[in-house]
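With PDB, C-alpha atoms inside, this is structure_27.pdb:
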```
MODEL        1
ATOM      1  CA  MET A   9       1.200 -33.879  14.385
ATOM      2  CA  LYS A  10      -0.705 -36.407  16.491
ATOM      3  CA  PRO A  11      -3.877 -35.992  18.591
ATOM      4  CA  ASP A  12      -1.973 -36.595  21.829
ATOM      5  CA  ASP A  13       0.433 -33.714  21.076
ATOM      6  CA  GLY A  14      -2.165 -31.269  22.350
ATOM      7  CA  TYR A  15      -5.254 -29.382  21.266
ATOM      8  CA  ILE A  16      -5.599 -27.157  18.219
ATOM      9  CA  ALA A  17      -6.693 -23.583  18.855
ATOM     10  CA  TYR A  18      -8.976 -22.850  15.892
ATOM     11  CA  ILE A  19      -9.503 -19.112  15.342
ATOM     12  CA  ILE A  20     -12.388 -18.278  12.984
ATOM     13  CA  ASN A  21     -13.383 -14.870  11.657
ATOM     14  CA  PRO A  22     -17.140 -15.305  11.011
ATOM     15  CA  LYS A  23     -17.206 -12.239   8.733
ATOM     16  CA  SER A  24     -14.590 -13.565   6.336
ATOM     17  CA  GLY A  25     -15.075 -15.698   3.304
ATOM     18  CA  ALA A  26     -17.228 -16.540   0.350
ATOM     19  CA  SER A  27     -19.315 -19.723   0.479
ATOM     20  CA  SER A  28     -16.551 -21.906  -0.988
ATOM     21  CA  CYS A  29     -14.087 -20.653   1.635
ATOM     22  CA  LYS A  30     -16.490 -21.427   4.451
ATOM     23  CA  LEU A  31     -16.918 -24.941   3.053
ATOM     24  CA  THR A  32     -13.147 -25.475   3.162
ATOM     25  CA  GLU A  33     -13.058 -24.335   6.787
ATOM     26  CA  GLN A  34     -15.917 -26.662   7.728
ATOM     27  CA  LEU A  35     -14.448 -29.660   5.894
ATOM     28  CA  PHE A  36     -11.072 -29.179   7.568
ATOM     29  CA  ARG A  37     -12.672 -28.941  10.998
ATOM     30  CA  LYS A  38     -14.651 -32.121  10.278
ATOM     31  CA  TYR A  39     -11.465 -33.872   9.167
ATOM     32  CA  LEU A  40      -9.701 -32.941  12.419
ATOM     33  CA  ALA A  41     -12.590 -34.257  14.492
ATOM     34  CA  GLU A  42     -12.660 -37.530  12.578
ATOM     35  CA  LYS A  43      -8.928 -37.980  13.156
ATOM     36  CA  GLY A  44      -9.393 -37.546  16.900
ATOM     37  CA  PHE A  45      -7.896 -34.088  17.361
ATOM     38  CA  GLU A  46      -9.236 -31.862  20.101
ATOM     39  CA  VAL A  47     -10.259 -28.615  18.408
ATOM     40  CA  ARG A  48     -11.085 -25.565  20.486
ATOM     41  CA  VAL A  49     -12.947 -23.094  18.301
ATOM     42  CA  SER A  50     -12.941 -19.366  19.002
ATOM     43  CA  TYR A  51     -14.932 -16.898  16.907
ATOM     44  CA  THR A  52     -13.375 -13.469  16.692
ATOM     45  CA  ALA A  53     -15.251 -10.335  17.689
ATOM     46  CA  SER A  54     -12.556  -8.130  16.135
ATOM     47  CA  LEU A  55      -9.098  -8.384  14.606
ATOM     48  CA  ALA A  56      -7.535  -7.503  17.954
ATOM     49  CA  HIS A  57      -9.483 -10.393  19.475
ATOM     50  CA  ALA A  58      -7.722 -12.800  17.081
ATOM     51  CA  CYS A  59      -4.390 -11.625  18.478
ATOM     52  CA  GLU A  60      -5.590 -12.096  22.055
ATOM     53  CA  ILE A  61      -6.705 -15.664  21.319
ATOM     54  CA  ALA A  62      -3.351 -16.473  19.704
ATOM     55  CA  VAL A  63      -1.411 -15.043  22.649
ATOM     56  CA  ALA A  64      -3.380 -17.179  25.108
ATOM     57  CA  ALA A  65      -2.887 -20.291  22.973
ATOM     58  CA  ALA A  66       0.850 -19.609  22.615
ATOM     59  CA  GLU A  67       1.191 -19.442  26.387
ATOM     60  CA  ASP A  68      -0.839 -22.632  27.018
ATOM     61  CA  ASN A  69       1.398 -25.710  27.206
ATOM     62  CA  ARG A  70      -1.565 -27.896  26.293
ATOM     63  CA  CYS A  71      -1.918 -26.217  22.892
ATOM     64  CA  ALA A  72       0.056 -27.734  20.005
ATOM     65  CA  MET A  73      -0.958 -25.567  17.058
ATOM     66  CA  ILE A  74      -2.963 -22.482  16.117
ATOM     67  CA  ALA A  75      -5.154 -22.506  13.003
ATOM     68  CA  ALA A  76      -6.502 -19.243  11.622
ATOM     69  CA  ALA A  77      -9.531 -19.314   9.317
ATOM     70  CA  GLY A  78     -10.019 -15.866   7.840
ATOM     71  CA  GLY A  79      -8.483 -13.251   5.595
ATOM     72  CA  ASP A  80      -5.181 -11.453   5.743
ATOM     73  CA  GLY A  81      -6.205  -9.359   8.749
ATOM     74  CA  THR A  82      -7.096 -12.428  10.820
ATOM     75  CA  VAL A  83      -3.884 -14.200   9.827
ATOM     76  CA  ARG A  84      -1.836 -11.088  10.594
ATOM     77  CA  GLU A  85      -3.233 -10.777  14.104
ATOM     78  CA  ALA A  86      -2.812 -14.493  14.804
ATOM     79  CA  ALA A  87       0.810 -14.274  13.642
ATOM     80  CA  HIS A  88       1.341 -11.220  15.829
ATOM     81  CA  GLY A  89       0.078 -13.156  18.836
ATOM     82  CA  LEU A  90       2.393 -16.066  18.033
ATOM     83  CA  GLU A  91       5.519 -13.964  17.533
ATOM     84  CA  GLY A  92       8.471 -15.733  19.136
ATOM     85  CA  SER A  93       6.526 -18.932  19.850
ATOM     86  CA  SER A  94       7.657 -22.332  18.601
ATOM     87  CA  LYS A  95       4.054 -23.370  17.970
ATOM     88  CA  PRO A  96       3.157 -23.449  14.266
ATOM     89  CA  LEU A  97       0.532 -21.296  12.615
ATOM     90  CA  PHE A  98      -1.760 -22.979  10.114
ATOM     91  CA  ILE A  99      -3.728 -20.905   7.590
ATOM     92  CA  VAL A 100      -7.191 -21.856   6.371
ATOM     93  CA  PRO A 101      -7.665 -19.235   3.624
ATOM     94  CA  CYS A 102     -11.091 -17.611   3.923
ATOM     95  CA  GLY A 103     -10.645 -14.011   2.798
ATOM     96  CA  THR A 104     -10.944 -12.062  -0.432
ATOM     97  CA  GLU A 105      -7.271 -11.846  -1.346
ATOM     98  CA  ASN A 106      -5.500 -14.179   1.086
ATOM     99  CA  LEU A 107      -2.205 -12.585   0.073
ATOM    100  CA  LEU A 108      -0.018 -14.625   2.402
ATOM    101  CA  ALA A 109      -1.784 -17.934   1.710
ATOM    102  CA  ASN A 110      -1.438 -17.341  -2.027
ATOM    103  CA  GLU A 111       2.244 -16.516  -1.609
ATOM    104  CA  LEU A 112       2.780 -19.734   0.343
ATOM    105  CA  GLY A 113       1.211 -21.766  -2.464
ATOM    106  CA  PHE A 114      -2.248 -22.630  -1.157
ATOM    107  CA  ASP A 115      -4.752 -23.254  -3.942
ATOM    108  CA  THR A 116      -8.565 -23.361  -3.744
ATOM    109  CA  LYS A 117      -8.888 -27.106  -3.106
ATOM    110  CA  PRO A 118     -10.015 -28.200   0.382
ATOM    111  CA  GLN A 119      -7.831 -31.304   0.025
ATOM    112  CA  THR A 120      -4.733 -29.081  -0.186
ATOM    113  CA  VAL A 121      -5.419 -27.775   3.323
ATOM    114  CA  ILE A 122      -5.595 -31.346   4.607
ATOM    115  CA  ASP A 123      -2.465 -32.384   2.698
ATOM    116  CA  VAL A 124      -0.471 -29.472   4.158
ATOM    117  CA  PHE A 125      -1.573 -30.390   7.668
ATOM    118  CA  GLU A 126      -0.653 -34.057   7.214
ATOM    119  CA  ALA A 127       2.770 -33.236   5.744
ATOM    120  CA  GLY A 128       3.603 -30.961   8.683
ATOM    121  CA  TYR A 129       6.172 -28.991   6.704
ATOM    122  CA  THR A 130       7.006 -25.587   8.226
ATOM    123  CA  LYS A 131       9.025 -22.529   7.248
ATOM    124  CA  ASP A 132      10.058 -19.419   9.100
ATOM    125  CA  LEU A 133       7.946 -16.339   8.445
ATOM    126  CA  ASP A 134       9.355 -12.850   8.888
ATOM    127  CA  LEU A 135       7.034 -10.117  10.103
ATOM    128  CA  GLY A 136       7.105  -6.417   9.463
ATOM    129  CA  ASN A 137       6.501  -4.017  12.331
ATOM    130  CA  ALA A 138       5.042  -0.623  11.418
ATOM    131  CA  ASN A 139       4.851   1.733  14.408
ATOM    132  CA  GLY A 140       4.171  -1.248  16.646
ATOM    133  CA  ARG A 141       1.642  -2.908  14.322
ATOM    134  CA  CYS A 142       2.717  -6.158  12.713
ATOM    135  CA  PHE A 143       2.036  -7.130   9.131
ATOM    136  CA  THR A 144       2.725 -10.298   7.178
ATOM    137  CA  SER A 145       2.494  -9.133   3.592
ATOM    138  CA  ILE A 146       2.519  -5.553   2.246
ATOM    139  CA  ALA A 147       2.231  -2.004   3.542
ATOM    140  CA  GLY A 148       1.191   0.662   1.045
ATOM    141  CA  PHE A 149       1.524   4.444   1.186
ATOM    142  CA  GLY A 150      -0.401   6.953  -0.911
ATOM    143  CA  PHE A 151      -2.911   5.948  -3.582
ATOM    144  CA  ASP A 152      -3.115   2.387  -2.281
ATOM    145  CA  GLY A 153      -3.748   3.552   1.279
ATOM    146  CA  LYS A 154      -6.529   5.881   0.151
ATOM    147  CA  VAL A 155      -8.332   3.075  -1.693
ATOM    148  CA  VAL A 156      -8.156   0.809   1.365
ATOM    149  CA  GLU A 157      -9.458   3.616   3.572
ATOM    150  CA  ARG A 158     -12.497   4.015   1.331
ATOM    151  CA  VAL A 159     -13.179   0.279   1.151
ATOM    152  CA  SER A 160     -12.873  -0.044   4.929
ATOM    153  CA  ARG A 161     -15.210   2.895   5.536
ATOM    154  CA  GLU A 162     -17.943   1.357   3.372
ATOM    155  CA  ARG A 163     -17.402  -2.268   4.414
ATOM    156  CA  LYS A 164     -20.259  -4.095   6.130
ATOM    157  CA  GLY A 165     -18.973  -7.668   6.134
ATOM    158  CA  HIS A 166     -17.255  -9.985   3.673
ATOM    159  CA  ILE A 167     -15.927  -8.120   0.649
ATOM    160  CA  ASP A 168     -14.999  -9.188  -2.871
ATOM    161  CA  TYR A 169     -13.279  -7.555  -5.825
ATOM    162  CA  THR A 170     -16.405  -5.641  -6.829
ATOM    163  CA  ASP A 171     -16.205  -3.698  -3.563
ATOM    164  CA  TYR A 172     -12.922  -2.190  -4.770
ATOM    165  CA  PHE A 173     -14.213  -0.902  -8.100
ATOM    166  CA  TRP A 174     -15.758   2.408  -7.009
ATOM    167  CA  PRO A 175     -13.091   3.243  -4.400
ATOM    168  CA  ILE A 176     -10.378   2.707  -7.048
ATOM    169  CA  TRP A 177     -12.345   4.680  -9.651
ATOM    170  CA  ARG A 178     -13.018   7.608  -7.304
ATOM    171  CA  THR A 179      -9.449   7.656  -6.029
ATOM    172  CA  PHE A 180      -8.099   7.563  -9.587
ATOM    173  CA  TRP A 181      -9.950  10.787 -10.429
ATOM    174  CA  ASP A 182      -9.550  12.794  -7.234
ATOM    175  CA  TYR A 183      -6.234  11.653  -5.730
ATOM    176  CA  LYS A 184      -3.520  14.268  -5.319
ATOM    177  CA  PHE A 185      -0.081  12.682  -5.257
ATOM    178  CA  ASP A 186       1.743  14.052  -2.218
ATOM    179  CA  LYS A 187       5.469  14.159  -1.610
ATOM    180  CA  MET A 188       6.935  11.461   0.596
ATOM    181  CA  GLN A 189      10.400  10.823   1.926
ATOM    182  CA  VAL A 190      11.741   7.279   2.216
ATOM    183  CA  VAL A 191      14.835   6.233   4.168
ATOM    184  CA  VAL A 192      16.162   2.664   3.915
ATOM    185  CA  ASP A 193      18.736   1.556   6.494
ATOM    186  CA  GLY A 194      19.763   5.146   7.142
ATOM    187  CA  GLN A 195      19.994   6.253   3.502
ATOM    188  CA  LYS A 196      17.407   8.608   1.986
ATOM    189  CA  ILE A 197      16.441   7.119  -1.370
ATOM    190  CA  PHE A 198      13.332   9.143  -2.245
ATOM    191  CA  ASP A 199      11.932  12.648  -1.752
ATOM    192  CA  ASP A 200       9.225  13.269  -4.322
ATOM    193  CA  ARG A 201       5.613  12.587  -5.320
ATOM    194  CA  GLY A 202       4.677   8.963  -5.752
ATOM    195  CA  MET A 203       3.505   5.663  -4.300
ATOM    196  CA  VAL A 204       5.437   3.483  -1.874
ATOM    197  CA  PHE A 205       5.136  -0.249  -1.151
ATOM    198  CA  VAL A 206       7.036  -2.087   1.586
ATOM    199  CA  GLY A 207       6.588  -5.793   2.035
ATOM    200  CA  ASN A 208       7.461  -9.347   2.661
ATOM    201  CA  ILE A 209       5.809 -11.157  -0.266
ATOM    202  CA  SER A 210       6.311 -11.014  -4.026
ATOM    203  CA  LYS A 211       2.713 -10.701  -5.275
ATOM    204  CA  TYR A 212       0.027  -8.200  -4.350
ATOM    205  CA  ALA A 213      -3.640  -7.875  -5.387
ATOM    206  CA  ILE A 214      -4.722 -10.227  -8.239
ATOM    207  CA  GLY A 215      -1.161 -11.479  -8.414
ATOM    208  CA  LEU A 216       0.616  -8.245  -9.361
ATOM    209  CA  GLY A 217       4.337  -8.751  -8.764
ATOM    210  CA  ILE A 218       5.037  -5.308  -7.303
ATOM    211  CA  LEU A 219       7.675  -6.642  -4.902
ATOM    212  CA  LYS A 220       8.736  -9.380  -7.289
ATOM    213  CA  GLN A 221      12.033 -10.158  -5.526
ATOM    214  CA  ALA A 222      10.578 -10.457  -2.030
ATOM    215  CA  ASP A 223      11.078 -13.588   0.071
ATOM    216  CA  PHE A 224       9.002 -14.004   3.234
ATOM    217  CA  SER A 225      11.849 -15.696   5.127
ATOM    218  CA  ASP A 226      15.023 -13.868   3.995
ATOM    219  CA  GLY A 227      15.200 -11.386   6.891
ATOM    220  CA  LEU A 228      14.684  -8.402   4.575
ATOM    221  CA  LEU A 229      11.864  -6.110   3.545
ATOM    222  CA  ASP A 230      11.495  -5.137  -0.104
ATOM    223  CA  VAL A 231      10.697  -1.543  -1.076
ATOM    224  CA  CYS A 232       9.192  -0.477  -4.396
ATOM    225  CA  ILE A 233       8.677   3.235  -5.075
ATOM    226  CA  TYR A 234       6.800   4.523  -8.100
ATOM    227  CA  LYS A 235       7.625   8.118  -8.986
ATOM    228  CA  CYS A 236       4.175   9.406  -9.839
ATOM    229  CA  ALA A 237       2.412  12.770  -9.928
ATOM    230  CA  SER A 238      -0.360  12.276 -12.499
ATOM    231  CA  ARG A 239      -3.032   9.874 -13.700
ATOM    232  CA  ILE A 240      -1.157   9.276 -16.946
ATOM    233  CA  ARG A 241       1.942   8.215 -15.029
ATOM    234  CA  LEU A 242      -0.200   5.962 -12.814
ATOM    235  CA  ILE A 243      -1.605   4.200 -15.885
ATOM    236  CA  LYS A 244       1.924   3.739 -17.244
ATOM    237  CA  HIS A 245       3.146   2.241 -13.960
ATOM    238  CA  SER A 246       0.139  -0.093 -13.844
ATOM    239  CA  LEU A 247       0.790  -1.406 -17.351
ATOM    240  CA  MET A 248       4.499  -1.879 -16.692
ATOM    241  CA  THR A 249       3.698  -3.800 -13.502
ATOM    242  CA  VAL A 250       1.216  -6.054 -15.306
ATOM    243  CA  LEU A 251       3.903  -6.728 -17.920
ATOM    244  CA  LYS A 252       6.444  -7.437 -15.126
ATOM    245  CA  GLN A 253       8.769  -4.730 -16.419
ATOM    246  CA  HIS A 254       8.323  -2.023 -13.789
ATOM    247  CA  ILE A 255      11.607  -2.618 -11.932
ATOM    248  CA  LYS A 256      13.506  -1.755 -15.116
ATOM    249  CA  SER A 257      11.815   1.653 -15.359
ATOM    250  CA  LYS A 258      13.827   4.766 -14.532
ATOM    251  CA  ASP A 259      10.744   6.022 -12.669
ATOM    252  CA  VAL A 260      10.831   3.112 -10.203
ATOM    253  CA  ILE A 261      13.165   2.646  -7.238
ATOM    254  CA  TYR A 262      13.579  -0.874  -5.850
ATOM    255  CA  ARG A 263      15.549  -1.635  -2.691
ATOM    256  CA  GLN A 264      15.808  -4.119   0.168
ATOM    257  CA  GLY A 265      16.485  -3.318   3.802
ATOM    258  CA  ARG A 266      15.812  -4.001   7.451
ATOM    259  CA  LYS A 267      14.548  -0.595   8.562
ATOM    260  CA  ILE A 268      12.409   1.707   6.434
ATOM    261  CA  ILE A 269      11.110   5.132   7.446
ATOM    262  CA  VAL A 270       8.361   6.874   5.454
ATOM    263  CA  THR A 271       7.492  10.509   6.203
ATOM    264  CA  SER A 272       5.514  13.333   4.612
ATOM    265  CA  ASP A 273       4.316  16.843   5.382
ATOM    266  CA  SER A 274       0.911  15.878   3.946
ATOM    267  CA  ASP A 275      -1.877  13.637   5.218
ATOM    268  CA  VAL A 276      -0.853  10.520   3.286
ATOM    269  CA  ARG A 277      -3.047   7.467   3.857
ATOM    270  CA  THR A 278      -1.497   4.057   4.575
ATOM    271  CA  GLN A 279      -2.551   0.427   4.615
ATOM    272  CA  ILE A 280      -1.139  -2.801   6.048
ATOM    273  CA  ASP A 281      -2.341  -6.158   4.742
ATOM    274  CA  GLY A 282      -5.473  -4.560   3.293
ATOM    275  CA  ASP A 283      -6.520  -2.684   6.441
ATOM    276  CA  PRO A 284      -6.012   1.025   7.218
ATOM    277  CA  GLY A 285      -2.503   1.564   8.565
ATOM    278  CA  PRO A 286      -0.869   3.997  11.001
ATOM    279  CA  ASN A 287      -0.456   7.699  10.314
ATOM    280  CA  LEU A 288       2.852   9.015   9.025
ATOM    281  CA  PRO A 289       5.615   9.114   9.989
ATOM    282  CA  VAL A 290       5.885   5.328   9.874
ATOM    283  CA  GLU A 291       8.958   3.381  10.940
ATOM    284  CA  ILE A 292       9.057  -0.194   9.697
ATOM    285  CA  GLU A 293      11.420  -2.888  10.915
ATOM    286  CA  ILE A 294      11.772  -6.527   9.995
ATOM    287  CA  ILE A 295      11.278  -9.195  12.661
ATOM    288  CA  PRO A 296      13.233 -12.167  11.248
ATOM    289  CA  LYS A 297      11.926 -15.700  11.718
ATOM    290  CA  ALA A 298       9.114 -14.431  13.920
ATOM    291  CA  VAL A 299       6.646 -17.285  13.341
ATOM    292  CA  LYS A 300       6.711 -20.932  12.320
ATOM    293  CA  ILE A 301       4.133 -21.395   9.563
ATOM    294  CA  MET A 302       2.902 -24.593   7.887
ATOM    295  CA  VAL A 303       3.198 -24.459   4.109
ATOM    296  CA  PRO A 304       2.784 -26.695   1.047
ATOM    297  CA  LYS A 305       6.174 -28.235   0.346
ATOM    298  CA  ASN A 306       7.844 -27.031  -2.866
ATOM    299  CA  ALA A 307       4.816 -24.890  -3.718
ATOM    300  CA  LYS A 308       5.015 -21.665  -5.717
ATOM    301  CA  PRO A 309       2.910 -18.502  -5.294
ATOM    302  CA  ALA A 310      -0.615 -18.964  -6.632
ATOM    303  CA  GLY A 311      -1.421 -17.544 -10.051
ATOM    304  CA  ILE A 312      -4.150 -15.106 -11.058
ATOM    305  CA  ARG A 313      -6.634 -17.902 -11.843
ATOM    306  CA  THR A 314      -6.421 -19.331  -8.327
ATOM    307  CA  ARG A 315      -6.735 -15.875  -6.797
ATOM    308  CA  LEU A 316      -9.837 -15.019  -8.828
ATOM    309  CA  ILE A 317     -11.530 -18.360  -8.074
ATOM    310  CA  ARG A 318     -10.906 -17.934  -4.360
ATOM    311  CA  ALA A 319     -12.086 -14.319  -4.283
ATOM    312  CA  LEU A 320     -15.232 -14.904  -6.339
ATOM    313  CA  GLY A 321     -16.139 -17.988  -4.320
TER     314      GLY A 321
ENDMDL
END
```
Kindly transcribe the structure held in the file into structure tokens.
Amino acid sequence: MKPDDGYIAYIINPKSGASSCKLTEQLFRKYLAEKGFEVRVSYTASLAHACEIAVAAAEDNRCAMIAAAGGDGTVREAAHGLEGSSKPLFIVPCGTENLLANELGFDTKPQTVIDVFEAGYTKDLDLGNANGRCFTSIAGFGFDGKVVERVSRERKGHIDYTDYFWPIWRTFWDYKFDKMQVVVDGQKIFDDRGMVFVGNISKYAIGLGILKQADFSDGLLDVCIYKCASRIRLIKHSLMTVLKQHIKSKDVIYRQGRKIIVTSDSDVRTQIDGDPGPNLPVEIEIIPKAVKIMVPKNAKPAGIRTRLIRALG
């Protein structure tokens, strides 16, 4: 990309990021200015605002690229606003988890952000659509959704891993596993108590490979269902997932599909990309090749070390 191609719409979530993440964002912005690029910075007032900014930039012929500096929620909304546009999305990872950025192969080095921009290599990114709300990474139903609800309720700004400790601990002791029904491409594959994950990327929090076969550009959503009705079973599933053996378990169902429907007669909590999700029933569909996204060439998903360094700042 060259300066005369057009301006860069730079979307920044001021509430996201540890100090090291903010430094990366600032260094990249300084680099763009030194190279002569016109950068139009917009600070988000909400996640929905990030989508509005991206929509306006996508429709402006003078705009060449959209950069999103924030966490998974900011990136999700920017991607939603760019859906169907030929303009590339560039991620400047500034959140706690940065699930999508980690999946794409971004590490914690500011120079990597610059190198990705200079290389200009793009890939197609599929999006999931859950009851009209887009997501880039993973939707969770049940235990996972309840934890996210608690974190969101107590959140006052940037969060780190320590903010998840008490919500996970409290949910572990008081959660009642409700029955859910899951239909994939018209076939009912589950009707029992458990936890459900639907997503587009292979690694979840701290690098857990829950959806280990997922590919963000294959036109499919991966579904992982843990049959679970007790704390003991939850511990077993957690250990098997850490050991990367969960898919082999008879208590786990793993499928791929284009349309997934999750229902329940109970008040099951949901999450999408780390934010509270829609109420059940939820109908999820894949939007293939929805966004062009700039990525490190030949990179692999980041490991646990990179994820911890980024989150702890």
Give one line per residue of region 280-316 of chain A that approaches region 230-233 of chain A to at most 12 Å, naming the two atoms of the closest pair and their distance in Å to one decimal, counting all atoms listed in the file; sort by chain then ascending residue number and deliver it as a Markdown table.
```
| residue | atom | partner | partner_atom | distance |
| --- | --- | --- | --- | --- |
| A:Ile292 | CA | A:Val231 | CA | 11.0 |
| A:Glu293 | CA | A:Asp230 | CA | 11.2 |
| A:Ile294 | CA | A:Asp230 | CA | 10.2 |
```
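Remark: for Phe224 (chain A), the closest of the candidate residues A:Thr170, A:Thr249, A:Thr144, A:Thr104 is A:Thr144 (distances computed over all atoms listed in the file).
Taken over the shown file, the PyMOL selection byres ((chain A and resi 89) around 7) identifies Cys59, Glu60, Ala62, Val63, Glu85, Ala86, Ala87, His88, Leu90 and Glu91 of chain A.
With all atoms listed in the file as the atoms that count, the minimum distance from Phe149 (chain A) to the choices A:Leu242, A:Ile209, A:Val204, A:Val121 is reached by A:Val204.
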What residues come out when you apply the PyMOL selection byres ((chain A and resi 217) around 12) to this file, written as a PyMOL selection string? chain A and resi 107+111+146+205+207-216+218-222+230+232+246-255+309-312
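Neighbouring residues of Lys235 (chain A) at 12 Å or closer, counting all atoms listed in the file and skipping chain neighbours under 6 positions away, are Gly150, Phe185, Asp186, Lys187, Met188, Gln189, Val190, Ile197, Phe198, Asp199, Asp200, Arg201, Gly202, Met203, Val204, Phe205, Arg241, Leu242, Lys244, His245, His254, Ile255, Ser257, Lys258, Asp259, Val260, Ile261 and Tyr262 of chain A.
Rounded to one decimal, CA of Leu228 (chain A) and CA of Arg266 (chain A) lie 5.4 Å from each other.
The shortest atom-to-atom distance to Ile16 (chain A), with all atoms listed in the file taken into account, belongs to A:Met73 out of A:Ala64, A:Met73, A:Ala53, A:Val155.
Coordinates place CA of Phe151 (chain A) at a distance of 26.6 Å from CA of Pro101 (chain A).
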Separating CA of Tyr39 (chain A) from CA of Leu55 (chain A), to the nearest tenth of an Å, is a gap of 26.2 Å
Residues within 9 Å of (0.1, -24.8, -2.2), file coordinates, counting all atoms listed in the file: what are they? Give the list as an MDAnalysis selection string. chainID A and resid 109:116 120:121 124 303:310
How would you write as an mmCIF file with C-alpha atoms, keeping the file's coordinate frame the residues that get within 9 Å of (-17.6, -19.7, 15.2) in the file's frame, counting only C-alpha atoms?
```cif
data_model
loop_
_atom_site.group_PDB
_atom_site.id
_atom_site.type_symbol
_atom_site.label_atom_id
_atom_site.label_comp_id
_atom_site.auth_asym_id
_atom_site.auth_seq_id
_atom_site.Cartn_x
_atom_site.Cartn_y
_atom_site.Cartn_z
ATOM 1 C CA ILE A 19 -9.503 -19.112 15.342
ATOM 2 C CA ILE A 20 -12.388 -18.278 12.984
ATOM 3 C CA ASN A 21 -13.383 -14.870 11.657
ATOM 4 C CA PRO A 22 -17.140 -15.305 11.011
ATOM 5 C CA VAL A 49 -12.947 -23.094 18.301
ATOM 6 C CA SER A 50 -12.941 -19.366 19.002
ATOM 7 C CA TYR A 51 -14.932 -16.898 16.907
ATOM 8 C CA THR A 52 -13.375 -13.469 16.692
#
```
